[in-house]
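K.L.:
What follows is my_file13.txt, compact mmCIF, C-alpha atoms.
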```txt
# COMPACT_ATOMS: atom_id res chain seq x y z
CA MET A 1 73.95 89.68 105.50
CA THR A 2 75.88 86.82 107.13
CA LYS A 3 78.42 87.44 109.86
CA TYR A 4 81.20 85.64 107.93
CA ASP A 5 83.26 86.76 104.93
CA TYR A 6 82.93 83.31 103.34
CA ASP A 7 80.70 80.26 103.53
CA LEU A 8 83.79 78.12 102.94
CA PHE A 9 87.47 78.90 103.17
CA THR A 10 89.88 76.25 101.90
CA ILE A 11 93.51 76.06 102.98
CA GLY A 12 95.39 74.31 100.18
CA ALA A 13 94.69 74.37 96.44
CA GLY A 14 95.58 70.82 95.52
CA SER A 15 93.23 68.50 93.67
CA GLY A 16 90.88 67.96 96.61
CA GLY A 17 90.82 71.56 97.78
CA VAL A 18 90.20 72.90 94.29
CA ARG A 19 87.42 70.36 93.63
CA ALA A 20 85.63 71.23 96.89
CA SER A 21 86.03 74.97 96.36
CA ARG A 22 84.93 75.21 92.75
CA PHE A 23 81.89 72.99 93.23
CA ALA A 24 80.93 74.84 96.38
CA GLY A 25 81.15 78.04 94.35
CA GLY A 26 79.04 76.44 91.66
CA PHE A 27 76.38 75.68 94.27
CA GLY A 28 76.24 79.37 95.14
CA ALA A 29 78.51 79.45 98.18
CA ARG A 30 80.92 82.31 98.83
CA VAL A 31 84.33 80.64 98.73
CA GLY A 32 87.92 81.67 99.38
CA ILE A 33 91.01 79.51 98.91
CA ALA A 34 94.62 80.02 99.95
CA GLU A 35 97.72 78.44 98.43
CA GLU A 36 101.33 79.31 99.23
CA LYS A 37 102.79 77.48 96.23
CA GLN A 38 101.40 76.57 92.80
CA LEU A 39 97.78 75.72 92.17
CA GLY A 40 97.17 72.01 91.69
CA GLY A 41 99.18 70.77 94.64
CA THR A 42 101.48 67.76 94.59
CA CYS A 43 99.73 65.89 91.78
CA VAL A 44 99.98 68.61 89.17
CA ASN A 45 103.33 70.09 90.13
CA VAL A 46 105.56 67.42 91.67
CA GLY A 47 103.54 64.24 91.49
CA CYS A 48 101.25 62.30 89.18
CA VAL A 49 101.38 64.56 86.13
CA PRO A 50 105.10 65.27 85.70
CA LYS A 51 105.91 61.73 86.82
CA LYS A 52 103.72 60.25 84.08
CA LEU A 53 105.39 62.53 81.53
CA PHE A 54 108.76 61.22 82.71
CA VAL A 55 107.49 57.65 82.40
CA TYR A 56 106.50 58.28 78.79
CA ALA A 57 109.97 59.69 78.12
CA ALA A 58 111.66 56.64 79.64
CA GLU A 59 109.53 54.16 77.70
CA PHE A 60 110.88 55.35 74.36
CA ALA A 61 114.15 53.52 75.03
CA THR A 62 112.28 50.21 74.93
CA ASP A 63 110.12 51.34 72.01
CA PHE A 64 113.19 52.10 69.88
CA ALA A 65 114.68 48.71 70.67
CA ASP A 66 111.42 46.86 69.99
CA ALA A 67 110.88 48.60 66.65
CA ARG A 68 113.66 46.64 64.91
CA GLY A 69 111.74 43.37 65.22
CA PHE A 70 108.87 44.96 63.27
CA GLY A 71 111.01 46.02 60.34
CA TRP A 72 111.96 49.53 61.42
CA THR A 73 115.51 50.75 61.03
CA VAL A 74 116.20 52.95 63.98
CA GLY A 75 119.23 55.17 63.69
CA ASP A 76 121.32 56.68 66.43
CA THR A 77 119.18 58.04 69.23
CA SER A 78 120.01 60.49 71.97
CA PHE A 79 118.17 61.99 74.88
CA ASP A 80 118.27 65.58 76.11
CA TRP A 81 117.16 65.99 79.73
CA SER A 82 116.92 69.78 79.50
CA THR A 83 114.36 69.51 76.68
CA LEU A 84 112.19 67.18 78.75
CA ILE A 85 112.38 69.50 81.77
CA ALA A 86 111.53 72.60 79.71
CA ASN A 87 108.56 70.94 78.02
CA LYS A 88 107.37 69.50 81.33
CA ASN A 89 107.53 72.93 82.94
CA GLN A 90 105.54 74.43 80.09
CA GLU A 91 102.82 71.81 80.48
CA ILE A 92 102.66 72.28 84.26
CA SER A 93 102.35 76.03 83.76
CA ARG A 94 99.45 75.42 81.39
CA LEU A 95 97.72 73.23 83.97
CA ASN A 96 98.27 75.85 86.69
CA GLY A 97 96.40 78.29 84.46
CA ILE A 98 93.55 75.84 84.01
CA TYR A 99 93.22 75.42 87.77
CA GLU A 100 93.12 79.19 88.19
CA TRP A 101 90.39 79.41 85.56
CA LEU A 102 88.39 76.61 87.19
CA LEU A 103 88.34 78.53 90.45
CA SER A 104 87.79 81.98 89.01
CA SER A 105 84.95 80.78 86.79
CA LYS A 106 83.05 79.85 89.97
CA ASP A 107 83.86 83.18 91.64
CA VAL A 108 86.25 81.61 94.13
CA ASP A 109 88.61 84.20 95.64
CA ILE A 110 92.23 83.03 95.35
CA HIS A 111 94.61 84.17 98.09
CA THR A 112 98.30 83.58 97.40
CA GLY A 113 100.21 82.91 100.59
CA ARG A 114 100.45 80.68 103.64
CA ALA A 115 97.21 80.45 105.60
CA THR A 116 97.01 79.74 109.32
CA LEU A 117 94.08 79.22 111.64
CA ILE A 118 93.45 81.95 114.20
CA ASP A 119 90.29 80.41 115.64
CA ALA A 120 87.58 78.02 114.50
CA HIS A 121 86.15 80.58 112.06
CA THR A 122 89.15 82.77 111.18
CA VAL A 123 92.18 82.31 108.93
CA GLU A 124 95.07 84.66 108.30
CA VAL A 125 96.87 85.03 104.97
CA ASN A 126 99.70 87.57 104.51
CA GLY A 127 98.60 89.49 107.58
CA GLU A 128 94.96 89.73 106.44
CA ARG A 129 92.23 87.92 108.37
CA TYR A 130 89.14 86.32 106.85
CA THR A 131 86.20 84.69 108.57
CA ALA A 132 84.33 81.65 107.31
CA GLU A 133 81.39 79.59 108.47
CA ASN A 134 83.21 76.45 107.34
CA ILE A 135 86.93 75.84 106.94
CA LEU A 136 88.50 73.05 104.90
CA ILE A 137 92.06 71.87 105.51
CA ALA A 138 93.52 70.43 102.30
CA THR A 139 97.22 71.04 102.73
CA GLY A 140 98.47 67.70 101.37
CA GLY A 141 101.75 65.98 102.18
CA LYS A 142 105.46 66.24 101.54
CA PRO A 143 108.34 63.75 101.24
CA ARG A 144 109.73 62.49 104.52
CA ARG A 145 113.36 63.48 105.02
CA PRO A 146 114.89 61.58 107.96
CA ASP A 147 117.27 63.37 110.31
CA LEU A 148 120.51 61.59 109.42
CA PRO A 149 124.11 62.71 108.92
CA GLY A 150 124.59 64.06 105.40
CA ILE A 151 120.90 63.99 104.50
CA GLU A 152 121.33 67.46 102.97
CA HIS A 153 123.14 65.76 100.07
CA ALA A 154 120.02 63.75 99.13
CA ILE A 155 117.08 64.86 97.04
CA THR A 156 113.42 63.88 97.31
CA SER A 157 110.82 63.31 94.60
CA ASP A 158 109.99 67.03 94.75
CA GLU A 159 113.49 68.01 93.64
CA ALA A 160 113.80 65.16 91.13
CA PHE A 161 111.57 67.05 88.70
CA PHE A 162 114.03 69.95 88.58
CA ILE A 163 117.55 68.49 88.67
CA GLU A 164 119.79 70.22 86.15
CA GLU A 165 121.31 67.10 84.63
CA LEU A 166 120.91 63.35 84.82
CA PRO A 167 123.40 61.52 87.05
CA GLU A 168 125.25 58.46 85.83
CA SER A 169 124.05 56.52 88.87
CA VAL A 170 121.36 56.92 91.53
CA LEU A 171 120.57 55.21 94.81
CA ILE A 172 116.84 55.31 95.54
CA VAL A 173 116.16 54.87 99.25
CA GLY A 174 112.71 53.34 99.62
CA GLY A 175 110.90 50.72 97.57
CA GLY A 176 107.37 52.05 97.71
CA TYR A 177 105.50 53.07 94.57
CA ILE A 178 107.34 56.38 94.22
CA GLY A 179 110.75 54.75 94.47
CA VAL A 180 109.80 51.94 92.11
CA GLU A 181 108.39 54.37 89.56
CA PHE A 182 111.48 56.60 89.59
CA ALA A 183 113.69 53.53 89.33
CA GLY A 184 111.99 52.71 86.03
CA ILE A 185 112.19 56.31 84.87
CA PHE A 186 115.89 56.76 85.58
CA HIS A 187 116.77 53.33 84.18
CA GLY A 188 114.90 54.06 80.95
CA LEU A 189 116.85 57.30 80.60
CA GLY A 190 120.17 55.49 80.90
CA VAL A 191 120.97 55.87 84.60
CA ASP A 192 122.45 53.01 86.66
CA VAL A 193 119.81 52.42 89.37
CA THR A 194 119.91 50.78 92.79
CA ILE A 195 116.92 50.57 95.15
CA ALA A 196 117.64 50.22 98.87
CA GLN A 197 114.56 48.88 100.66
CA ARG A 198 114.33 48.62 104.44
CA SER A 199 112.05 45.57 104.45
CA GLY A 200 112.36 42.30 102.56
CA ASN A 201 110.35 43.37 99.51
CA ILE A 202 109.49 46.38 97.39
CA LEU A 203 105.87 47.61 97.18
CA ARG A 204 104.88 46.60 100.70
CA GLY A 205 101.12 46.01 100.91
CA PHE A 206 100.67 44.94 97.28
CA ASP A 207 99.77 41.41 96.25
CA THR A 208 102.75 39.08 96.52
CA ASP A 209 102.51 38.04 92.86
CA ILE A 210 102.76 41.70 91.80
CA ILE A 211 105.82 42.13 94.02
CA GLU A 212 107.54 38.96 92.81
CA HIS A 213 106.77 39.52 89.13
CA LEU A 214 107.89 43.16 89.09
CA THR A 215 111.02 42.30 91.08
CA THR A 216 111.89 39.70 88.44
CA GLU A 217 111.31 42.16 85.59
CA TYR A 218 113.44 44.84 87.27
CA ASP A 219 116.19 42.29 87.79
CA LYS A 220 116.08 41.48 84.06
CA LYS A 221 116.55 45.15 83.26
CA GLY A 222 119.56 45.43 85.54
CA ILE A 223 117.89 47.50 88.26
CA SER A 224 119.48 46.38 91.51
CA ILE A 225 117.06 45.88 94.42
CA GLN A 226 118.85 45.66 97.77
CA THR A 227 116.47 44.60 100.54
CA GLU A 228 116.78 44.92 104.32
CA MET A 229 118.97 47.96 103.79
CA GLN A 230 118.48 51.08 105.89
CA LEU A 231 120.27 54.38 105.36
CA ALA A 232 122.66 55.50 108.11
CA GLU A 233 124.84 58.26 106.63
CA ILE A 234 125.75 60.10 103.43
CA GLU A 235 129.22 61.59 102.88
CA LYS A 236 130.15 63.77 99.92
CA GLN A 237 133.52 62.84 98.47
CA ASP A 238 136.14 65.15 96.98
CA ASP A 239 135.19 64.04 93.46
CA GLY A 240 131.53 64.95 94.06
CA LYS A 241 130.30 61.40 94.45
CA LEU A 242 128.31 60.30 97.48
CA LEU A 243 129.44 57.55 99.81
CA VAL A 244 126.36 56.02 101.42
CA THR A 245 126.66 53.88 104.52
CA MET A 246 123.87 51.53 105.58
CA THR A 247 123.04 50.48 109.13
CA ASN A 248 124.43 47.02 108.37
CA GLY A 249 127.79 48.56 107.48
CA LYS A 250 127.50 48.11 103.72
CA THR A 251 128.56 51.08 101.60
CA ILE A 252 127.43 52.24 98.16
CA THR A 253 129.07 54.94 96.06
CA THR A 254 126.71 56.83 93.77
CA ASP A 255 126.21 60.16 91.99
CA MET A 256 122.81 60.90 93.48
CA VAL A 257 120.74 59.75 96.46
CA MET A 258 116.97 60.07 96.20
CA MET A 259 114.82 59.67 99.32
CA THR A 260 111.44 58.05 98.67
CA ALA A 261 110.90 56.55 102.13
CA GLY A 262 107.37 57.79 102.76
CA ARG A 263 105.53 61.08 103.05
CA VAL A 264 104.29 63.15 105.96
CA PRO A 265 101.16 65.33 106.20
CA ASN A 266 101.44 69.12 106.08
CA THR A 267 99.55 69.63 109.34
CA ARG A 268 102.12 71.26 111.60
CA GLY A 269 102.45 74.98 112.07
CA ILE A 270 99.09 76.03 110.65
CA GLY A 271 97.24 76.46 113.95
CA LEU A 272 95.35 73.17 114.11
CA GLU A 273 96.38 72.35 117.67
CA ALA A 274 95.55 75.85 118.89
CA VAL A 275 91.92 75.58 117.77
CA GLY A 276 91.49 72.03 119.04
CA VAL A 277 91.65 69.95 115.85
CA GLU A 278 92.62 66.41 116.87
CA LEU A 279 95.71 64.94 115.23
CA ALA A 280 96.73 61.28 115.19
CA PRO A 281 100.26 60.41 116.41
CA ASN A 282 101.48 60.37 112.78
CA GLY A 283 100.24 63.92 112.22
CA MET A 284 97.16 62.93 110.24
CA ILE A 285 93.94 64.80 110.99
CA VAL A 286 91.24 62.66 112.59
CA VAL A 287 87.94 62.92 110.70
CA ASP A 288 84.60 61.11 110.64
CA ASP A 289 82.89 59.65 107.57
CA TYR A 290 81.71 63.14 106.63
CA LEU A 291 85.26 64.58 106.75
CA ARG A 292 84.47 66.52 109.94
CA THR A 293 87.31 67.09 112.38
CA SER A 294 86.94 67.34 116.15
CA VAL A 295 85.94 70.97 115.57
CA PRO A 296 82.45 70.72 113.98
CA ASN A 297 82.84 73.42 111.29
CA ILE A 298 86.39 72.45 110.28
CA TYR A 299 86.85 69.69 107.69
CA ALA A 300 89.84 67.92 106.19
CA LEU A 301 90.50 65.74 103.15
CA GLY A 302 93.19 64.24 100.96
CA ASP A 303 96.67 63.21 102.04
CA ILE A 304 96.25 64.62 105.56
CA ILE A 305 93.58 62.14 106.68
CA ASP A 306 93.94 58.43 107.24
CA LYS A 307 92.37 57.24 103.99
CA TYR A 308 93.85 56.41 100.60
CA THR A 309 96.45 59.01 99.64
CA LEU A 310 95.40 59.10 96.01
CA THR A 311 94.40 62.09 93.89
CA PRO A 312 91.07 60.59 92.71
CA VAL A 313 90.16 59.87 96.34
CA ALA A 314 90.90 63.48 97.31
CA THR A 315 88.78 64.83 94.45
CA ALA A 316 85.93 62.47 95.41
CA GLN A 317 86.16 63.77 98.97
CA GLY A 318 86.09 67.34 97.69
CA MET A 319 82.90 66.57 95.78
CA GLN A 320 81.40 64.87 98.83
CA LEU A 321 82.07 67.89 101.03
CA ALA A 322 80.77 70.49 98.57
CA ARG A 323 77.56 68.57 97.95
CA ASN A 324 76.91 67.81 101.60
CA LEU A 325 77.51 71.40 102.72
CA PHE A 326 75.86 73.29 99.89
CA ALA A 327 73.68 70.96 97.79
CA GLY A 328 71.61 69.32 100.48
CA THR A 329 73.05 65.80 100.23
CA ASN A 330 74.24 63.62 103.08
CA TYR A 331 76.38 60.92 101.57
CA THR A 332 79.64 59.19 102.43
CA ILE A 333 82.28 57.59 100.23
CA ASP A 334 82.58 53.82 99.86
CA TYR A 335 86.31 53.11 100.04
CA ASP A 336 85.99 49.45 99.07
CA ASN A 337 87.62 48.44 95.79
CA VAL A 338 89.59 51.61 95.16
CA PRO A 339 91.79 50.90 92.12
CA THR A 340 95.35 52.08 91.82
CA ALA A 341 98.33 51.75 89.51
CA VAL A 342 102.08 51.87 89.87
CA PHE A 343 103.59 53.44 86.76
CA SER A 344 106.61 51.23 86.89
CA GLN A 345 108.00 49.65 83.73
CA PRO A 346 106.09 47.43 83.25
CA ASN A 347 103.05 49.00 84.93
CA ALA A 348 101.27 47.37 87.85
CA GLY A 349 97.53 47.74 88.40
CA THR A 350 95.36 46.49 91.22
CA VAL A 351 91.85 46.67 92.63
CA GLY A 352 90.26 44.83 95.52
CA LEU A 353 91.81 42.42 97.99
CA THR A 354 95.25 40.91 97.79
CA GLU A 355 95.49 37.14 98.14
CA HIS A 356 96.75 37.55 101.71
CA GLU A 357 93.86 39.85 102.66
CA ALA A 358 91.32 37.50 101.07
CA ARG A 359 92.67 34.50 102.97
CA GLU A 360 92.31 36.41 106.22
CA GLN A 361 88.69 37.40 105.51
CA TYR A 362 87.22 34.39 103.68
CA ASP A 363 87.09 30.66 104.47
CA GLU A 364 88.02 29.48 100.99
CA ILE A 365 89.38 31.34 98.01
CA ALA A 366 90.34 30.38 94.48
CA ILE A 367 93.29 31.91 92.64
CA TYR A 368 93.47 32.29 88.87
CA ARG A 369 96.82 33.40 87.51
CA GLU A 370 98.54 33.63 84.14
CA SER A 371 102.02 34.73 83.10
CA PHE A 372 102.77 35.14 79.42
CA LYS A 373 104.75 37.05 76.84
CA PRO A 374 102.43 39.68 75.33
CA MET A 375 101.94 39.63 71.56
CA ARG A 376 104.05 42.72 70.94
CA ASN A 377 107.07 41.00 72.45
CA THR A 378 106.91 37.98 70.13
CA LEU A 379 108.58 39.84 67.25
CA SER A 380 110.54 42.40 69.22
CA GLY A 381 112.59 39.86 71.14
CA ASN A 382 111.70 41.68 74.36
CA GLU A 383 111.76 39.15 77.23
CA GLU A 384 109.34 41.09 79.44
CA ARG A 385 106.35 39.07 80.60
CA THR A 386 102.87 40.04 81.77
CA MET A 387 101.17 38.66 84.90
CA MET A 388 97.42 38.63 85.55
CA LYS A 389 95.63 37.36 88.63
CA LEU A 390 92.11 36.98 89.98
CA VAL A 391 91.27 36.38 93.64
CA VAL A 392 87.82 34.77 94.03
CA ASP A 393 85.64 33.79 96.99
CA ALA A 394 85.14 30.09 96.26
CA LYS A 395 81.77 29.95 98.06
CA SER A 396 79.99 32.95 96.54
CA ASP A 397 82.04 33.06 93.29
CA LYS A 398 82.49 36.81 93.83
CA VAL A 399 85.69 38.30 92.42
CA LEU A 400 87.53 39.89 95.34
CA GLY A 401 90.68 41.17 93.67
CA VAL A 402 92.19 41.80 90.25
CA HIS A 403 95.94 42.27 89.85
CA MET A 404 98.19 42.85 86.86
CA VAL A 405 101.76 43.64 85.90
CA GLY A 406 102.19 44.54 82.25
CA PRO A 407 101.82 47.30 79.65
CA SER A 408 98.81 49.59 80.21
CA ALA A 409 97.90 47.86 83.48
CA GLY A 410 96.47 51.10 84.84
CA GLU A 411 94.26 51.62 81.80
CA ILE A 412 93.04 48.02 81.91
CA MET A 413 92.37 48.05 85.64
CA GLN A 414 89.96 50.99 85.47
CA GLY A 415 87.35 48.89 83.69
CA PHE A 416 87.74 45.96 86.05
CA ALA A 417 87.32 48.33 88.98
CA VAL A 418 83.81 49.02 87.70
CA ALA A 419 83.15 45.28 87.54
CA LEU A 420 84.26 44.75 91.14
CA LYS A 421 82.26 47.76 92.31
CA ALA A 422 79.22 46.16 90.70
CA GLY A 423 79.87 42.87 92.52
CA ALA A 424 80.82 40.78 89.50
CA THR A 425 81.31 37.05 89.98
CA LYS A 426 83.80 34.79 88.27
CA ALA A 427 80.86 33.44 86.24
CA VAL A 428 80.23 36.98 84.95
CA PHE A 429 83.90 37.26 83.95
CA ASP A 430 83.67 33.86 82.21
CA SER A 431 80.53 34.82 80.30
CA THR A 432 82.08 38.07 79.06
CA ILE A 433 83.44 37.90 75.53
CA GLY A 434 87.02 39.08 75.28
CA ILE A 435 88.55 41.50 72.81
CA HIS A 436 91.04 39.61 70.65
CA PRO A 437 93.96 39.88 70.41
CA THR A 438 94.58 41.82 73.61
CA SER A 439 96.25 41.11 76.91
CA ALA A 440 93.11 42.21 78.75
CA GLU A 441 91.10 39.28 77.34
CA GLU A 442 93.09 36.94 79.59
CA PHE A 443 91.04 38.21 82.53
CA VAL A 444 87.88 36.70 81.00
CA THR A 445 89.44 33.50 79.65
CA MET A 446 91.13 32.09 82.76
CA ARG A 447 89.17 28.93 83.53
CA GLU A 448 91.24 26.75 85.86
CA PRO A 449 92.36 27.91 89.30
CA VAL A 450 95.97 27.35 90.21
CA LYS A 451 96.68 24.51 92.60
CA GLN A 452 96.98 25.65 96.21
CA GLU A 453 99.97 24.52 98.21
```
Turn this file's structure into structure tokens for me.

P.N.:
Amino acid sequence: MTKYDYDLFTIGAGSGGVRASRFAGGFGARVGIAEEKQLGGTCVNVGCVPKKLFVYAAEFATDFADARGFGWTVGDTSFDWSTLIANKNQEISRLNGIYEWLLSSKDVDIHTGRATLIDAHTVEVNGERYTAENILIATGGKPRRPDLPGIEHAITSDEAFFIEELPESVLIVGGGYIGVEFAGIFHGLGVDVTIAQRSGNILRGFDTDIIEHLTTEYDKKGISIQTEMQLAEIEKQDDGKLLVTMTNGKTITTDMVMMTAGRVPNTRGIGLEAVGVELAPNGMIVVDDYLRTSVPNIYALGDIIDKYTLTPVATAQGMQLARNLFAGTNYTIDYDNVPTAVFSQPNAGTVGLTEHEAREQYDEIAIYRESFKPMRNTLSGNEERTMMKLVVDAKSDKVLGVHMVGPSAGEIMQGFAVALKAGATKAVFDSTIGIHPTSAEEFVTMREPVKQE
């Protein structure tokens, strides 16, 4: 008989927390998990899943227009926001049930409510206290809402999935991947969209060719990107519209303001400081390569540690922790060449180093880049173009980065992520036979590097 109620108690039932808990249970551990909201966390409820459903909905506008060039007669079309919301909610509810089943099938005890740390081995949920040999913090993040006059009139990405009706116009404050994705969604659904970005470019940190190509495509669509614009104040007018003032004095009148200027970790107010868990100045939990915090039996993963804030990374960390604690392994995660996609319209996909990063780390690099109109657009009359790029170490011939803007970029990039993980060279790409006719074959047919300025 052990002196603890559980071998592992997880605070937060998002993707990472659920993965760690259910696999720990599968390895025979006694596991409890607490969640104050819905199972599945941000990704399932107000993130990746509903966002991708919204992207699909928005893409139909282009599909209807493109169909005419292929001989289809498309009649009058209309869109009903309430139908999309209802069907989205039904799907999210189904996924919540699956997450509950995944946990229950491994005998994980689910505690509904906010959990706080009492000491290094004790948590409290709804007035009840539970002890655990190991505790995992997996509380995720939330949208950052700056303290500015009138900010109560703005929504965040969390609320965007539940608005009652579509506005005629929206100002999206922040040009990161969330803002860029919602810009494409709202535009596809007929909303007039403006992005206000504090810096000089959208998608800060991405390869410059991705930024420039996607900026051009958004400009073609009529999505306005206003750079070096920082929010100062929001005032609600008598007619219900919002008057937005920027720090440079410029004003914008819109029906809705959506804040997408970053996210913050949910690490405050759960007792971390009281038990001695070290936090970075930005609120992130400091962990080692084994996800251990400054308190040896307390671990953390996902969006609250200073790694990639991506769902697949969180689930990989959950697997790492469960195996290391309860299956006798002792491994760490290799964070090199983590692929990611921006579900903009068109999509952007990337894995490996950007050109800028490669130039900082390697003496000589070669750049291969193509921009072309994909085959589907030849009959449709659609002017959207696709961009593909390879970043190569000129000395070793190793491919350092793969970047794309175009339809299905995320799907295509997954396979090339495997190639980079395996250390593929440009010669390996060149010797690989392409699938014709596809856009993806361009990655294995680019032969001449672009001239360097």

K.L.:
Skipping near chain neighbours, those fewer than 3 positions away, what residues fall within 7 Å of segment 42-49 of chain A using all atoms listed in the file, listed as a list in words?

P.N.:
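Within the cut-off, the hits are Gly14, Lys52, Leu53, Ile92, Asp158, Phe161 and Thr311 of chain A.
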
K.L.:
Looking at A:Thr62, A:Gln226, A:Thr386, A:Thr251, which one is nearest to Ala348 of chain A, with distances taken over all atoms listed in the file?

P.N.:
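Using all atoms listed in the file, Ala348 of chain A sits closest to A:Thr386.
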
K.L.:
Can I get the residues of segment 315-347 of chain A within 9 Å of segment 418-433 of chain A, each with the closest pair of atoms and their distance in Å to one decimal, using only C-alpha atoms, sorted chain first then ascending number, as a Markdown table?

P.N.:
```
| residue | atom | partner | partner_atom | distance |
| --- | --- | --- | --- | --- |
| A:Asp336 | CA | A:Lys421 | CA | 7.9 |
| A:Asn337 | CA | A:Lys421 | CA | 6.4 |
| A:Val338 | CA | A:Lys421 | CA | 8.8 |
```

K.L.:
Using only C-alpha atoms, pick whichever of A:Thr194, A:Arg263, A:Gly16, A:Tyr299 has the shortest atom-to-atom distance to Thr156 of chain A.

P.N.:
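Once distances to Thr156 of chain A are computed over only C-alpha atoms, the minimum belongs to A:Arg263.
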
K.L.:
Give me, please, the distance in Å between atom CA of Trp101 of chain A and atom CA of Thr340 of chain A, quoted to one decimal.

P.N.:
28.5 Å

K.L.:
Report, in Å with one decimal, the straight-line distance from atom CA of Ile195 of chain A to atom CA of Met404 of chain A.

P.N.:
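If I compute the distance from atom CA of Ile195 of chain A to atom CA of Met404 of chain A, I get 21.9 Å.
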
K.L.:
Would you pick out the contacts of Met446 of chain A at 12 Å or less, using only C-alpha atoms, so that residues sharing its chain but fewer than 5 positions from it are not included, and give the list as JSON, numbers by chain?

P.N.:
{"A": [366, 367, 368, 369, 370, 371, 388, 389, 390, 391, 426, 427, 429, 430, 431, 432, 434, 439, 440, 441]}

K.L.:
So which residues touch Pro312 of chain A within 9 Å, counting all atoms listed in the file, skipping near sequence neighbours fewer than 4 positions away, as an mmCIF file with C-alpha atoms, in the coordinates of the input?

P.N.:
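Written file, selection.cif:
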```
data_model
loop_
_atom_site.group_PDB
_atom_site.id
_atom_site.type_symbol
_atom_site.label_atom_id
_atom_site.label_comp_id
_atom_site.auth_asym_id
_atom_site.auth_seq_id
_atom_site.Cartn_x
_atom_site.Cartn_y
_atom_site.Cartn_z
ATOM 1 C CA SER A 15 93.230 68.500 93.670
ATOM 2 C CA GLY A 16 90.880 67.960 96.610
ATOM 3 C CA ALA A 316 85.930 62.470 95.410
ATOM 4 C CA GLN A 317 86.160 63.770 98.970
#
```

K.L.:
Check the smallest atom-to-atom distance from each of A:Val392, A:Ile33, A:Leu214, A:Leu353 to Ala115 of chain A using only C-alpha atoms, then report the winner.

P.N.:
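The shortest atom-to-atom distance to Ala115 of chain A comes from A:Ile33.
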
K.L.:
Measure the distance from atom CA of Asp147 of chain A to atom CA of Met229 of chain A in Å and round it to one decimal.

P.N.:
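Distance reported for this atom pair: 16.8 Å.
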
K.L.:
Just checking: using only C-alpha atoms, which residue out of A:Ile305, A:Leu171, A:Ala274, A:Ala20 ends up closest to Leu117 of chain A?

P.N.:
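Of all the options, A:Ala274 lies closest to Leu117 of chain A.
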
K.L.:
What's around Asn330 of chain A at 9 Å? Count all atoms listed in the file, leave out sequence neighbours fewer than 3 positions away in its own chain, and write the answer as a ChimeraX atom specification.

P.N.:
/A:290,320,323-325

K.L.:
Give me the residues near segment 106-112 of chain A as number ranges by chain, where near means some atom within 12 Å (using all atoms listed in the file) and where sequence neighbours in that chain fewer than 6 positions away do not count.

P.N.:
A: 5-13, 17-39, 99-100, 123-130

K.L.:
Identify which of the residues A:Lys373, A:His403, A:Lys307, A:Lys220 lies closest to Val351 of chain A, counting all atoms listed in the file when measuring atom-to-atom distances.

P.N.:
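Going through A:Lys373, A:His403, A:Lys307, A:Lys220 one by one, the smallest distance to Val351 of chain A is for A:His403.
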
K.L.:
Place N, CA and C atoms on segment 84-94 of chain A and deliver the coordinates as a PDB file, in the frame of the given file.

P.N.:
```
ATOM      1  N   LEU A  84     113.298  67.769  78.002  1.00  0.00           N
ATOM      2  CA  LEU A  84     112.190  67.180  78.750  1.00  0.00           C
ATOM      3  C   LEU A  84     111.760  68.100  79.891  1.00  0.00           C
ATOM      4  N   ILE A  85     112.701  68.625  80.643  1.00  0.00           N
ATOM      5  CA  ILE A  85     112.380  69.500  81.770  1.00  0.00           C
ATOM      6  C   ILE A  85     111.647  70.758  81.291  1.00  0.00           C
ATOM      7  N   ALA A  86     112.152  71.364  80.218  1.00  0.00           N
ATOM      8  CA  ALA A  86     111.530  72.600  79.710  1.00  0.00           C
ATOM      9  C   ALA A  86     110.104  72.338  79.236  1.00  0.00           C
ATOM     10  N   ASN A  87     109.905  71.245  78.511  1.00  0.00           N
ATOM     11  CA  ASN A  87     108.560  70.940  78.020  1.00  0.00           C
ATOM     12  C   ASN A  87     107.623  70.549  79.155  1.00  0.00           C
ATOM     13  N   LYS A  88     108.169  69.837  80.146  1.00  0.00           N
ATOM     14  CA  LYS A  88     107.370  69.500  81.330  1.00  0.00           C
ATOM     15  C   LYS A  88     106.936  70.770  82.057  1.00  0.00           C
ATOM     16  N   ASN A  89     107.856  71.684  82.252  1.00  0.00           N
ATOM     17  CA  ASN A  89     107.530  72.930  82.940  1.00  0.00           C
ATOM     18  C   ASN A  89     106.456  73.723  82.212  1.00  0.00           C
ATOM     19  N   GLN A  90     106.536  73.714  80.881  1.00  0.00           N
ATOM     20  CA  GLN A  90     105.540  74.430  80.090  1.00  0.00           C
ATOM     21  C   GLN A  90     104.153  73.814  80.281  1.00  0.00           C
ATOM     22  N   GLU A  91     104.099  72.476  80.301  1.00  0.00           N
ATOM     23  CA  GLU A  91     102.820  71.810  80.480  1.00  0.00           C
ATOM     24  C   GLU A  91     102.258  72.056  81.888  1.00  0.00           C
ATOM     25  N   ILE A  92     103.119  72.031  82.895  1.00  0.00           N
ATOM     26  CA  ILE A  92     102.660  72.280  84.260  1.00  0.00           C
ATOM     27  C   ILE A  92     102.135  73.707  84.388  1.00  0.00           C
ATOM     28  N   SER A  93     102.807  74.644  83.747  1.00  0.00           N
ATOM     29  CA  SER A  93     102.350  76.030  83.760  1.00  0.00           C
ATOM     30  C   SER A  93     100.967  76.150  83.126  1.00  0.00           C
ATOM     31  N   ARG A  94     100.766  75.414  82.043  1.00  0.00           N
ATOM     32  CA  ARG A  94      99.450  75.420  81.390  1.00  0.00           C
ATOM     33  C   ARG A  94      98.371  74.892  82.341  1.00  0.00           C
TER      34      ARG A  94
END
```
